[in-house]
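Undergrad: Before I ask anything, here is the structure I am working with.
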Amino acid sequence: MDQNGINEPPAQDEDGGRKKKKKKKKPSQEKQLRKERKAAKLVKKNNKLFADLKNGTPAVKVEEPRPTPAGAPREPPLTEPAPQKETGKNGTPDFDKLAANVAELLGQSGKIFASYLQPFEASETRQEASNELTNVVRTLGRVAEHWLSDPARTLEAQGALSSNFLGLWAQTLRRFSGQPEPPVVPRDPADKRFAAPQWQNSPFFDFFRQAHAIATTWADDLAARAESLDPHTRDKARFYLRQISGALSPSNFIVTNPELLHETLSSNAENLLRGISLLNEDLEAGKGTLKIRQTDISKFQLGVNMAATPGKVVFRNDLIELIQYAPTTETVCKRPLLIVPPWINKFYILDLNPDKSFVRWAVAQGLTVFMISWINAEARHRDKDWSAYMREGIFAALDAIEQATGERDVNAIGYCVGGTLLCATLAYMAETEDNRIKSATLFTAQTDFSDAGDLKVFVDEEQLASLEASMSDTGYLDGSKMASAFNMLRPNDLIWSYVVNNYLKGQVPGAFDLLAWNSDSTRIPAANHSFYLRGCYLENRLAKGEMEIGGKKLSLGKIRIPIYSLATAEDHIAPATSVFLGAKYFGGDVRYVLAGSGHIAGVINPPAKQKYQYWTGPRPESTLEDWRRKTVEHPGSWWLDWIAWVIAQAPEKVAARKPGGKKLKPLCDAPGDYVKVMA
């Protein structure tokens with residue numbers, strides 16, 4: 001009987017004898033061969049699937065090979081073993097190892113979640129989180145109320161979203177059918193989240209990118225056009241929507257990010273195991289609060305490869321250390337230079353490394369440079385307000401400089417909030433006829449807060465009351481809160497890019513000095529921070545002439561010394577428009593300069609780098625747009641323009657000075673002790 005069940009007579013040879021029957025293969029062996037052939041075809045198609053996925057081609061359904069029809073020629077039996085299941089071999093994952101790694105991830109996730117919830121066990125933390133969430137929900141609810149309260153507006157909002165999505169569906173279907181179609185939403189070349197070619201090559205992933213862009217633009221437009229809301233509420237709504245949009249980007253999820261999906265499959269989820277280990281370390285570093293690492297801070301050491309310009313601490317009190325830097329020229333300008341940095345960050349942004357150090361460069365130009373280093377506040381500093389920062393900070397530094405150099409007159413620089421304090425101090429000095437500061441340079445410093453940018457969304461009576469209640473418990477603002485606020489101004493660059501790289505790709509960040517400085521946060525005394533937020537951001541008292549310090553009402557118009565006011569074109573913290581408005585209040589000569597880039601890179605721009613540009617023009621009047629039409633653009637760094645300006649204020653030279661001079665005994669080497677206190 002043959003394989004089809006038909007009986008045949010036994011075969012005979014030429015001599016009439018019976019032929020020996022061939023020994024038939026066992027059915028089980030044939031079945032095994034068929035299984036091997038099927039497995040081989042399946043592996044081959046799976047390899048193609050993962051190769052397509054790697055190249056951005058949309059995934060296709062893999063079908064089982066069809067059984068061979070009865071009577072059809074059979075394929076030769078397999079003699080090669082099945083492909084080995086090595087990690088990343090031809091893009092094919094080892095499913096056993098993948099499953100084991102996923103199981104381990106699930107086990108570790110429980111521990112991570114428990115660590116994350118630990119800070120919320122404290123009632124004050126729960127209350128703070130609840131207040132923040134309530135603020136977000138209430139603000140976005142008011143936007144929704146505006147559009148849902150009128151049926152015509154509701155239809156308009158629905159139509160704007162549905163029409164765009166219908167266009168996207170049609171475009172995507174045509175792409176899947178093989179037709180070349182331009183995107184409904186072109187990719188922004190500046191958006192690094194979608195730079196990989198798979199986002200454009202694959203209609204599957206490109207659909208998610210465009211859908212996210214459509215929804216984001218639609219929501220932002222609704223918030224911007226909610227006319228029934230006051231401007232502050234609209235700004236808050238748009239800010240919160242940016243945070244939500246950044247969090248929900250398809251680039252943040254494994255299934256919708258082709259790079260993450262390929263990495264996870266080809267490495268058998270080893271990237272996620274590395275990432276969850278980094279996540280655990282960051283949670284431990286933040287004591288349950290996620291402190292996202294942006295760089296490898298272990299590569300930097302203050303006084304060695306950061307804040308390393310030679311100098312001495314020549315004065316110290318409860319609020320500041322004063323550093324005098326050692327000269328590198330035989331003669332120096334007679335008039336010393338005092339730098340007032342922000343206390344929201346540490347001073348060494350101006351002394352990052354020898355190549356980027358503004359301090360080292362200024363010393364090399366023949367200036368005697370003094371730097372204030374603020375204390376990292378503790379509970380005992382809770383009552384240190386702006387008056388204390390003026391008297392124990394700037395005034396104490398002026399007295400020490402006179403002892404160290406014999407010079408009463410100085411030039412001064414104020415950076416960011418340090419510049420705002422310097423301007424308030426100058427207005428106070430004008431009221432008291434104190435003329436020790438002869439010229440002032442302001443680095444991205446605001447004095448008019450009517451158009452102060454995105455940070456204003458954190459400041460209203462309700463939020464301030466909650467913040468002040470929190471600070472009353474500790475006596476200071478925790479440095480992590482200010483760092484989080486700054487990161488939220490650029491969530492895609494400063495939050496989610498690190499979440500993806502650190503915790504999903506499992507990559508340890510490289511060493512970058514600027515980010516190491518950025519992660520070295522500071523604590524701020526409660527009285528100081530409350531005075532600043534209320535007096536400047538909420539009530540704009542300094543610009544209005546209503547701010548009082550030491551019983552004196554301050555007027556910027558009475559500041560008649562020369563002012564060099566630097567703004568940066570892409571500043572998210574002190575917008576160029578805000579700096580421009582404030583520069584118009586001063587009563588003396590004002591040189592307003594607009595530099596390329598942002599709040600940090602626009603300021604820390606050494607001439608040797610030959611980066612960016614700057615614009616100079618007439619004294620600020622009218623609007624920034626009008627001023628820009630009258631400007632001259634210069635390539636490179638504004639530092640050269642500034643050094644010529646500041647030396648022109650007092651060109652007289654004297655012999656180089658040793659730190660401390662004859663009257664002040666150096667206390668320790670720069671950068672001092674206060675800067676090394678971690679928050």
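Identifiers for the structure tokens are assigned positionally: chains receive A, B, ... in sequence, residues are indexed from 1 per chain, and ligands are indexed from 1 in the order shown.
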Set the distance at 8 Å and use only C-alpha atoms: which residues neighbour Leu367 of chain A once local chain neighbours fewer than 2 positions away are removed? I'd like the list as a ChimeraX atom specification.

TA: /A:327,332-333,336-337,362-365,369

Undergrad: So which residues touch segment 307-323 of chain A within 8 Å, counting only C-alpha atoms, skipping near sequence neighbours fewer than 3 positions away, as a PDB file with N, CA and C atoms, in the first residue's frame?

TA:
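Saved result, around11.pdb, follows:
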```
ATOM      1  N   LEU A 302      35.522  70.333  41.935  1.00  0.00           N
ATOM      2  CA  LEU A 302      35.722  71.771  42.105  1.00  0.00           C
ATOM      3  C   LEU A 302      37.154  72.059  42.550  1.00  0.00           C
ATOM      4  N   GLY A 303      37.734  73.065  41.918  1.00  0.00           N
ATOM      5  CA  GLY A 303      39.105  73.443  42.224  1.00  0.00           C
ATOM      6  C   GLY A 303      40.137  72.656  41.450  1.00  0.00           C
ATOM      7  N   VAL A 304      39.680  71.619  40.716  1.00  0.00           N
ATOM      8  CA  VAL A 304      40.605  70.804  39.931  1.00  0.00           C
ATOM      9  C   VAL A 304      40.349  70.998  38.444  1.00  0.00           C
ATOM     10  N   ALA A 326      43.924  85.613  41.492  1.00  0.00           N
ATOM     11  CA  ALA A 326      45.333  85.996  41.353  1.00  0.00           C
ATOM     12  C   ALA A 326      45.572  86.607  39.971  1.00  0.00           C
ATOM     13  N   TYR A 348      30.135  79.316  39.881  1.00  0.00           N
ATOM     14  CA  TYR A 348      31.172  78.866  38.955  1.00  0.00           C
ATOM     15  C   TYR A 348      30.667  78.605  37.544  1.00  0.00           C
ATOM     16  N   ASP A 351      33.079  80.260  35.776  1.00  0.00           N
ATOM     17  CA  ASP A 351      34.431  79.706  35.878  1.00  0.00           C
ATOM     18  C   ASP A 351      34.364  78.189  35.684  1.00  0.00           C
ATOM     19  N   LEU A 352      33.729  77.748  34.584  1.00  0.00           N
ATOM     20  CA  LEU A 352      33.500  76.318  34.363  1.00  0.00           C
ATOM     21  C   LEU A 352      34.803  75.561  34.180  1.00  0.00           C
ATOM     22  N   ASN A 353      35.583  75.960  33.206  1.00  0.00           N
ATOM     23  CA  ASN A 353      36.888  75.342  32.954  1.00  0.00           C
ATOM     24  C   ASN A 353      37.770  76.381  32.282  1.00  0.00           C
ATOM     25  N   PRO A 354      39.065  76.135  32.136  1.00  0.00           N
ATOM     26  CA  PRO A 354      39.955  77.163  31.581  1.00  0.00           C
ATOM     27  C   PRO A 354      39.525  77.694  30.224  1.00  0.00           C
ATOM     28  N   VAL A 359      35.820  84.373  34.171  1.00  0.00           N
ATOM     29  CA  VAL A 359      36.700  84.914  35.205  1.00  0.00           C
ATOM     30  C   VAL A 359      38.152  84.870  34.752  1.00  0.00           C
ATOM     31  N   ARG A 360      38.616  83.703  34.298  1.00  0.00           N
ATOM     32  CA  ARG A 360      40.011  83.565  33.870  1.00  0.00           C
ATOM     33  C   ARG A 360      40.320  84.530  32.725  1.00  0.00           C
ATOM     34  N   PHE A 370      36.922  90.202  41.696  1.00  0.00           N
ATOM     35  CA  PHE A 370      36.387  89.673  42.946  1.00  0.00           C
ATOM     36  C   PHE A 370      35.052  88.989  42.643  1.00  0.00           C
ATOM     37  N   MET A 371      34.806  87.860  43.288  1.00  0.00           N
ATOM     38  CA  MET A 371      33.579  87.091  43.076  1.00  0.00           C
ATOM     39  C   MET A 371      32.907  86.800  44.412  1.00  0.00           C
ATOM     40  N   ILE A 372      31.602  87.069  44.487  1.00  0.00           N
ATOM     41  CA  ILE A 372      30.820  86.654  45.654  1.00  0.00           C
ATOM     42  C   ILE A 372      30.420  85.193  45.489  1.00  0.00           C
ATOM     43  N   SER A 373      30.622  84.401  46.538  1.00  0.00           N
ATOM     44  CA  SER A 373      30.148  83.020  46.589  1.00  0.00           C
ATOM     45  C   SER A 373      29.127  82.945  47.714  1.00  0.00           C
ATOM     46  N   TRP A 374      27.836  82.746  47.373  1.00  0.00           N
ATOM     47  CA  TRP A 374      26.760  82.759  48.361  1.00  0.00           C
ATOM     48  C   TRP A 374      26.727  81.460  49.164  1.00  0.00           C
ATOM     49  N   ILE A 375      26.274  81.557  50.391  1.00  0.00           N
ATOM     50  CA  ILE A 375      26.090  80.378  51.238  1.00  0.00           C
ATOM     51  C   ILE A 375      24.973  79.510  50.670  1.00  0.00           C
ATOM     52  N   TYR A 389      20.840  90.427  51.928  1.00  0.00           N
ATOM     53  CA  TYR A 389      21.700  90.116  50.791  1.00  0.00           C
ATOM     54  C   TYR A 389      22.398  91.367  50.257  1.00  0.00           C
ATOM     55  N   GLU A 392      24.883  92.295  53.760  1.00  0.00           N
ATOM     56  CA  GLU A 392      25.898  91.281  54.057  1.00  0.00           C
ATOM     57  C   GLU A 392      26.526  90.700  52.799  1.00  0.00           C
ATOM     58  N   GLY A 393      25.935  91.004  51.647  1.00  0.00           N
ATOM     59  CA  GLY A 393      26.478  90.544  50.382  1.00  0.00           C
ATOM     60  C   GLY A 393      27.254  91.627  49.669  1.00  0.00           C
ATOM     61  N   ALA A 397      31.050  93.083  50.540  1.00  0.00           N
ATOM     62  CA  ALA A 397      32.078  92.857  49.524  1.00  0.00           C
ATOM     63  C   ALA A 397      32.781  94.163  49.156  1.00  0.00           C
ATOM     64  N   ALA A 400      35.274  94.994  51.841  1.00  0.00           N
ATOM     65  CA  ALA A 400      36.444  94.113  51.783  1.00  0.00           C
ATOM     66  C   ALA A 400      37.340  94.461  50.601  1.00  0.00           C
ATOM     67  N   PRO A 659      46.201  88.682  46.103  1.00  0.00           N
ATOM     68  CA  PRO A 659      44.923  88.516  46.811  1.00  0.00           C
ATOM     69  C   PRO A 659      45.038  88.867  48.290  1.00  0.00           C
ATOM     70  N   GLY A 660      44.143  89.733  48.732  1.00  0.00           N
ATOM     71  CA  GLY A 660      44.104  90.151  50.136  1.00  0.00           C
ATOM     72  C   GLY A 660      44.885  91.402  50.428  1.00  0.00           C
ATOM     73  N   LEU A 664      44.038  92.102  54.366  1.00  0.00           N
ATOM     74  CA  LEU A 664      43.198  90.917  54.476  1.00  0.00           C
ATOM     75  C   LEU A 664      44.037  89.661  54.314  1.00  0.00           C
ATOM     76  N   LYS A 665      43.978  88.816  55.303  1.00  0.00           N
ATOM     77  CA  LYS A 665      44.713  87.563  55.241  1.00  0.00           C
ATOM     78  C   LYS A 665      43.859  86.518  54.519  1.00  0.00           C
ATOM     79  N   PRO A 666      44.391  85.900  53.438  1.00  0.00           N
ATOM     80  CA  PRO A 666      43.622  84.866  52.731  1.00  0.00           C
ATOM     81  C   PRO A 666      43.197  83.748  53.674  1.00  0.00           C
ATOM     82  N   LEU A 667      41.947  83.313  53.539  1.00  0.00           N
ATOM     83  CA  LEU A 667      41.380  82.294  54.413  1.00  0.00           C
ATOM     84  C   LEU A 667      41.544  80.889  53.853  1.00  0.00           C
ATOM     85  N   CYS A 668      41.471  80.759  52.551  1.00  0.00           N
ATOM     86  CA  CYS A 668      41.657  79.466  51.897  1.00  0.00           C
ATOM     87  C   CYS A 668      41.767  79.701  50.400  1.00  0.00           C
ATOM     88  N   ASP A 669      42.100  78.658  49.667  1.00  0.00           N
ATOM     89  CA  ASP A 669      42.193  78.764  48.212  1.00  0.00           C
ATOM     90  C   ASP A 669      40.806  78.838  47.580  1.00  0.00           C
ATOM     91  N   ALA A 670      40.751  79.499  46.413  1.00  0.00           N
ATOM     92  CA  ALA A 670      39.536  79.451  45.610  1.00  0.00           C
ATOM     93  C   ALA A 670      39.319  77.995  45.163  1.00  0.00           C
ATOM     94  N   PRO A 671      38.090  77.539  45.033  1.00  0.00           N
ATOM     95  CA  PRO A 671      36.838  78.307  45.038  1.00  0.00           C
ATOM     96  C   PRO A 671      36.201  78.477  46.412  1.00  0.00           C
ATOM     97  N   GLY A 672      36.887  78.138  47.490  1.00  0.00           N
ATOM     98  CA  GLY A 672      36.345  78.348  48.821  1.00  0.00           C
ATOM     99  C   GLY A 672      35.564  77.160  49.343  1.00  0.00           C
ATOM    100  N   TYR A 674      32.135  77.517  50.814  1.00  0.00           N
ATOM    101  CA  TYR A 674      30.681  77.611  50.669  1.00  0.00           C
ATOM    102  C   TYR A 674      30.189  76.908  49.408  1.00  0.00           C
TER     103      TYR A 674
END
```

Undergrad: Give me the residues near segment 240-244 of chain A as a ChimeraX atom specification, where near means some atom within 9 Å (using only C-alpha atoms) and where sequence neighbours in that chain fewer than 3 positions away do not count.

TA: /A:136,139-140,216,219-220,223,235-237,247-249,488-492

Undergrad: Write the selection just made, keeping all heavy atoms, as a CSV table (one decimal), in the first residue's frame?

TA:
```csv
chain,number,residue,atom,x,y,z
A,136,VAL,N,-3.4,72.3,38.2
A,136,VAL,CA,-3.3,71.9,36.8
A,136,VAL,C,-4.8,71.6,36.3
A,136,VAL,O,-5.2,72.1,35.2
A,136,VAL,CB,-2.4,70.7,36.6
A,136,VAL,CG1,-2.5,70.2,35.1
A,136,VAL,CG2,-1.0,71.0,36.9
A,139,THR,N,-7.0,74.7,36.0
A,139,THR,CA,-6.6,75.6,34.9
A,139,THR,C,-7.1,75.0,33.6
A,139,THR,O,-7.7,75.8,32.8
A,139,THR,CB,-5.1,75.8,34.9
A,139,THR,OG1,-4.6,76.3,36.1
A,139,THR,CG2,-4.6,76.7,33.8
A,140,LEU,N,-6.8,73.8,33.3
A,140,LEU,CA,-7.2,73.2,32.1
A,140,LEU,C,-8.7,73.0,32.0
A,140,LEU,O,-9.3,73.1,30.9
A,140,LEU,CB,-6.6,71.8,31.9
A,140,LEU,CG,-5.0,71.8,31.8
A,140,LEU,CD1,-4.5,70.4,31.6
A,140,LEU,CD2,-4.6,72.7,30.7
A,216,THR,N,-1.2,68.2,19.6
A,216,THR,CA,-0.4,69.3,20.4
A,216,THR,C,-0.8,70.7,19.9
A,216,THR,O,-1.1,71.6,20.7
A,216,THR,CB,1.1,69.0,20.3
A,216,THR,OG1,1.4,67.8,20.9
A,216,THR,CG2,1.8,70.1,21.1
A,219,ALA,N,-4.5,71.6,20.9
A,219,ALA,CA,-4.7,71.9,22.3
A,219,ALA,C,-4.1,73.2,22.6
A,219,ALA,O,-4.7,74.0,23.3
A,219,ALA,CB,-4.1,70.8,23.1
A,220,ASP,N,-2.9,73.5,22.1
A,220,ASP,CA,-2.3,74.8,22.4
A,220,ASP,C,-3.1,76.0,21.8
A,220,ASP,O,-3.3,77.0,22.4
A,220,ASP,CB,-0.9,74.8,21.8
A,220,ASP,CG,-0.2,76.1,22.1
A,220,ASP,OD1,0.2,76.4,23.3
A,220,ASP,OD2,0.0,76.9,21.2
A,223,ALA,N,-6.1,76.7,24.0
A,223,ALA,CA,-5.8,77.5,25.2
A,223,ALA,C,-5.4,78.9,24.8
A,223,ALA,O,-5.8,79.9,25.6
A,223,ALA,CB,-4.6,76.8,25.9
A,235,ASP,N,-1.7,81.6,29.9
A,235,ASP,CA,-0.3,81.2,29.9
A,235,ASP,C,0.0,79.9,30.7
A,235,ASP,O,0.7,79.1,30.3
A,235,ASP,CB,0.6,82.4,30.4
A,235,ASP,CG,0.6,83.5,29.5
A,235,ASP,OD1,0.3,83.4,28.3
A,235,ASP,OD2,1.0,84.7,30.0
A,236,LYS,N,-0.7,79.8,31.9
A,236,LYS,CA,-0.6,78.6,32.7
A,236,LYS,C,-1.1,77.4,31.9
A,236,LYS,O,-0.4,76.3,31.9
A,236,LYS,CB,-1.3,78.8,34.0
A,236,LYS,CG,-0.6,79.6,35.0
A,236,LYS,CD,-1.5,79.9,36.2
A,236,LYS,CE,-2.0,78.7,36.9
A,236,LYS,NZ,-2.8,78.9,38.1
A,237,ALA,N,-2.2,77.5,31.3
A,237,ALA,CA,-2.8,76.4,30.6
A,237,ALA,C,-1.9,75.9,29.4
A,237,ALA,O,-1.6,74.7,29.3
A,237,ALA,CB,-4.1,76.8,30.0
A,247,ALA,N,5.3,64.8,27.7
A,247,ALA,CA,5.2,63.4,28.4
A,247,ALA,C,4.6,62.4,27.5
A,247,ALA,O,5.0,61.2,27.5
A,247,ALA,CB,4.4,63.5,29.7
A,248,LEU,N,3.6,62.8,26.6
A,248,LEU,CA,2.9,61.8,25.8
A,248,LEU,C,3.5,61.7,24.4
A,248,LEU,O,2.9,61.1,23.5
A,248,LEU,CB,1.4,62.3,25.7
A,248,LEU,CG,0.6,62.2,27.0
A,248,LEU,CD1,-0.8,62.7,26.8
A,248,LEU,CD2,0.7,60.9,27.7
A,249,SER,N,4.6,62.3,24.2
A,249,SER,CA,5.2,62.1,22.8
A,249,SER,C,5.5,60.6,22.5
A,249,SER,O,5.9,59.9,23.4
A,249,SER,CB,6.6,62.9,22.8
A,249,SER,OG,7.3,62.6,21.6
A,488,MET,N,11.5,72.4,33.5
A,488,MET,CA,10.1,72.4,32.9
A,488,MET,C,10.0,73.5,31.8
A,488,MET,O,9.0,73.4,31.0
A,488,MET,CB,9.1,72.5,34.0
A,488,MET,CG,8.9,71.3,34.8
A,488,MET,SD,7.8,71.6,36.3
A,488,MET,CE,6.2,71.7,35.5
A,489,LEU,N,10.9,74.4,31.8
A,489,LEU,CA,10.8,75.4,30.7
A,489,LEU,C,11.1,74.8,29.4
A,489,LEU,O,10.7,75.3,28.3
A,489,LEU,CB,11.8,76.6,31.0
A,489,LEU,CG,11.5,77.4,32.3
A,489,LEU,CD1,12.5,78.5,32.4
A,489,LEU,CD2,10.1,78.0,32.3
A,490,ARG,N,11.9,73.7,29.4
A,490,ARG,CA,12.3,73.0,28.1
A,490,ARG,C,12.2,71.5,28.4
A,490,ARG,O,13.2,70.8,28.5
A,490,ARG,CB,13.7,73.4,27.7
A,490,ARG,CG,13.9,74.9,27.3
A,490,ARG,CD,15.4,75.3,27.2
A,490,ARG,NE,16.1,74.4,26.3
A,490,ARG,CZ,17.4,74.2,26.3
A,490,ARG,NH1,18.1,74.9,27.1
A,490,ARG,NH2,18.0,73.4,25.4
A,491,PRO,N,11.0,71.0,28.6
A,491,PRO,CA,10.8,69.6,29.0
A,491,PRO,C,11.4,68.6,28.0
A,491,PRO,O,11.9,67.6,28.4
A,491,PRO,CB,9.3,69.5,29.2
A,491,PRO,CG,8.7,70.6,28.3
A,491,PRO,CD,9.7,71.7,28.3
A,492,ASN,N,11.2,68.8,26.7
A,492,ASN,CA,11.7,67.8,25.8
A,492,ASN,C,13.2,67.7,25.8
A,492,ASN,O,13.8,66.6,25.7
A,492,ASN,CB,11.3,68.2,24.3
A,492,ASN,CG,9.8,68.2,24.2
A,492,ASN,OD1,9.1,67.5,24.9
A,492,ASN,ND2,9.3,69.0,23.3
```

Undergrad: So which residues touch segment 444-455 of chain A within 10 Å, counting only C-alpha atoms, skipping near sequence neighbours fewer than 6 positions away, as a PDB file with C-alpha atoms, in the first residue's frame?

TA:
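What follows is the written file result_22.pdb:
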```pdb
ATOM      1  CA  ASP A 235      -0.291  81.199  29.900  1.00  0.00           C
ATOM      2  CA  LYS A 236      -0.561  78.624  32.684  1.00  0.00           C
ATOM      3  CA  ARG A 238      -0.374  76.510  27.629  1.00  0.00           C
ATOM      4  CA  PHE A 239       2.531  75.750  29.959  1.00  0.00           C
ATOM      5  CA  PRO A 342      22.845  84.452  41.205  1.00  0.00           C
ATOM      6  CA  GLY A 414      25.274  91.193  38.168  1.00  0.00           C
ATOM      7  CA  TYR A 415      24.128  87.936  36.562  1.00  0.00           C
ATOM      8  CA  CYS A 416      20.411  86.970  36.421  1.00  0.00           C
ATOM      9  CA  VAL A 417      18.815  87.497  39.858  1.00  0.00           C
ATOM     10  CA  GLY A 418      22.212  88.768  41.039  1.00  0.00           C
ATOM     11  CA  GLY A 419      21.747  91.559  38.497  1.00  0.00           C
ATOM     12  CA  THR A 420      18.244  92.319  39.788  1.00  0.00           C
ATOM     13  CA  LEU A 421      19.626  92.590  43.333  1.00  0.00           C
ATOM     14  CA  LEU A 422      22.467  94.778  42.037  1.00  0.00           C
ATOM     15  CA  CYS A 423      19.969  97.165  40.414  1.00  0.00           C
ATOM     16  CA  ALA A 424      17.911  97.375  43.614  1.00  0.00           C
ATOM     17  CA  ALA A 485      11.106  74.601  37.428  1.00  0.00           C
ATOM     18  CA  PHE A 486      13.970  75.456  35.083  1.00  0.00           C
ATOM     19  CA  MET A 488      10.121  72.382  32.869  1.00  0.00           C
ATOM     20  CA  LEU A 489      10.801  75.426  30.719  1.00  0.00           C
ATOM     21  CA  GLY A 535       8.198  92.011  44.864  1.00  0.00           C
ATOM     22  CA  CYS A 536       9.314  91.260  41.316  1.00  0.00           C
ATOM     23  CA  TYR A 537       7.264  88.555  39.572  1.00  0.00           C
ATOM     24  CA  LEU A 538       3.888  89.103  41.231  1.00  0.00           C
ATOM     25  CA  GLU A 539       3.785  92.856  41.893  1.00  0.00           C
ATOM     26  CA  ASN A 540       6.658  94.246  39.743  1.00  0.00           C
ATOM     27  CA  ARG A 541       7.496  96.777  42.453  1.00  0.00           C
ATOM     28  CA  LEU A 542      11.023  97.616  41.270  1.00  0.00           C
ATOM     29  CA  ALA A 543       9.894  98.807  37.836  1.00  0.00           C
ATOM     30  CA  LYS A 544       6.940 100.682  39.354  1.00  0.00           C
ATOM     31  CA  LEU A 556      15.594 102.929  38.827  1.00  0.00           C
ATOM     32  CA  SER A 565      22.831  95.511  29.648  1.00  0.00           C
ATOM     33  CA  LEU A 566      23.256  92.125  27.965  1.00  0.00           C
ATOM     34  CA  ALA A 567      20.274  90.058  26.797  1.00  0.00           C
ATOM     35  CA  THR A 568      20.259  86.804  24.829  1.00  0.00           C
ATOM     36  CA  ASP A 571      16.461  83.192  26.664  1.00  0.00           C
ATOM     37  CA  HIS A 572      13.627  81.269  28.386  1.00  0.00           C
ATOM     38  CA  ILE A 573      14.414  82.642  31.864  1.00  0.00           C
ATOM     39  CA  ALA A 574      15.053  86.347  31.242  1.00  0.00           C
ATOM     40  CA  PRO A 575      13.527  86.998  27.796  1.00  0.00           C
ATOM     41  CA  ALA A 576      15.230  89.623  25.665  1.00  0.00           C
ATOM     42  CA  THR A 577      12.009  91.675  25.576  1.00  0.00           C
ATOM     43  CA  SER A 578      11.873  91.760  29.378  1.00  0.00           C
ATOM     44  CA  VAL A 579      15.512  92.825  29.694  1.00  0.00           C
ATOM     45  CA  PHE A 580      14.916  95.495  27.020  1.00  0.00           C
ATOM     46  CA  LEU A 581      11.915  96.934  28.876  1.00  0.00           C
ATOM     47  CA  GLY A 582      13.889  97.173  32.115  1.00  0.00           C
ATOM     48  CA  ALA A 583      16.875  98.854  30.432  1.00  0.00           C
ATOM     49  CA  LYS A 584      14.693 101.836  29.523  1.00  0.00           C
ATOM     50  CA  TYR A 585      14.204 102.804  33.187  1.00  0.00           C
ATOM     51  CA  PHE A 586      17.815 103.746  33.982  1.00  0.00           C
ATOM     52  CA  LEU A 594      21.693  91.342  22.284  1.00  0.00           C
ATOM     53  CA  ALA A 595      23.713  88.120  22.038  1.00  0.00           C
ATOM     54  CA  GLY A 598      20.280  81.467  25.381  1.00  0.00           C
ATOM     55  CA  HIS A 599      20.557  82.269  29.076  1.00  0.00           C
ATOM     56  CA  ILE A 600      23.797  80.321  29.596  1.00  0.00           C
ATOM     57  CA  GLY A 602      24.804  83.233  25.104  1.00  0.00           C
ATOM     58  CA  VAL A 603      26.683  84.556  28.139  1.00  0.00           C
TER      59      VAL A 603
END
```

Undergrad: If you run DSSP on the backbone here, which positions in segment 319-421 of chain A get strand (DSSP E or B)? Please write them as a list in words.

TA: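 Answer for segment 319-421 of chain A restricted to strand (DSSP E or B) is Ile320, Glu321, Leu322, Ile323, Gln324, Tyr325, Thr331, Val332, Cys333, Leu337, Leu338, Ile339, Val340, Val369, Phe370, Met371, Ile372, Ser373, Trp374, Val410, Asn411, Ala412, Ile413, Gly414 and Tyr415 of chain A.
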
Undergrad: Excluding Ile549 of chain A and its own-chain neighbours fewer than 6 positions away, which residues fall within 9 Å of it when counting only C-alpha atoms? Please give them as number ranges by chain.

TA: A: 386-387, 424-425, 428

Undergrad: Which residue out of A:Gly636, A:Gly661, A:Pro182, A:Gly475 has the minimum interatomic distance to Glu407 of chain A when only C-alpha atoms are used?

TA: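 Looking at the shortest contact to Glu407 of chain A, the residue is A:Gly661.
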
Undergrad: Between atom CA of Thr233 of chain A and atom CA of Lys481 of chain A, measure the distance and give it in Å to one decimal.

TA: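 Spanning atom CA of Thr233 of chain A to atom CA of Lys481 of chain A is a straight-line distance of 21.6 Å.
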
Undergrad: Could you jot down the atom CA of Leu278 of chain A to atom CA of Pro258 of chain A separation for me, Å, one decimal place?

TA: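 Between atom CA of Leu278 of chain A and atom CA of Pro258 of chain A the gap is 22.2 Å.
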
Undergrad: Run DSSP on the backbone and grab whatever in segment 142-323 of chain A lands in helix (DSSP H, G or I); send it over as a count of residues only.

TA: 110

Undergrad: I'd like the contact shell of Thr331 of chain A - 10 Å cut-off, only C-alpha atoms, skipping same-chain residues fewer than 6 positions apart - returned as a PyMOL selection string.

TA: chain A and resi 365-368+652-657

Undergrad: Pick out the residues sitting within 9 Å of segment 522-526 of chain A, and hand them over as a VMD selection string; count only C-alpha atoms, and ignore anything fewer than 6 positions along from it in its own chain.

TA: chain A and resid 343 to 346 375 to 385 468 471 to 472 474 to 480 482 to 483 677 to 679

Undergrad: What is the atom CA of Arg391 of chain A-atom CA of Lys662 of chain A distance in Å, reported with one decimal?

TA: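 Separation between atom CA of Arg391 of chain A and atom CA of Lys662 of chain A: 24.1 Å.
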
Undergrad: Compare A:Lys438, A:Arg591, A:Lys192, A:Arg274 by their minimum atom-to-atom distance to Pro618 of chain A, counting only C-alpha atoms, and give me the closest one.

TA: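 Counting only C-alpha atoms, the residue closest to Pro618 of chain A is A:Arg591.
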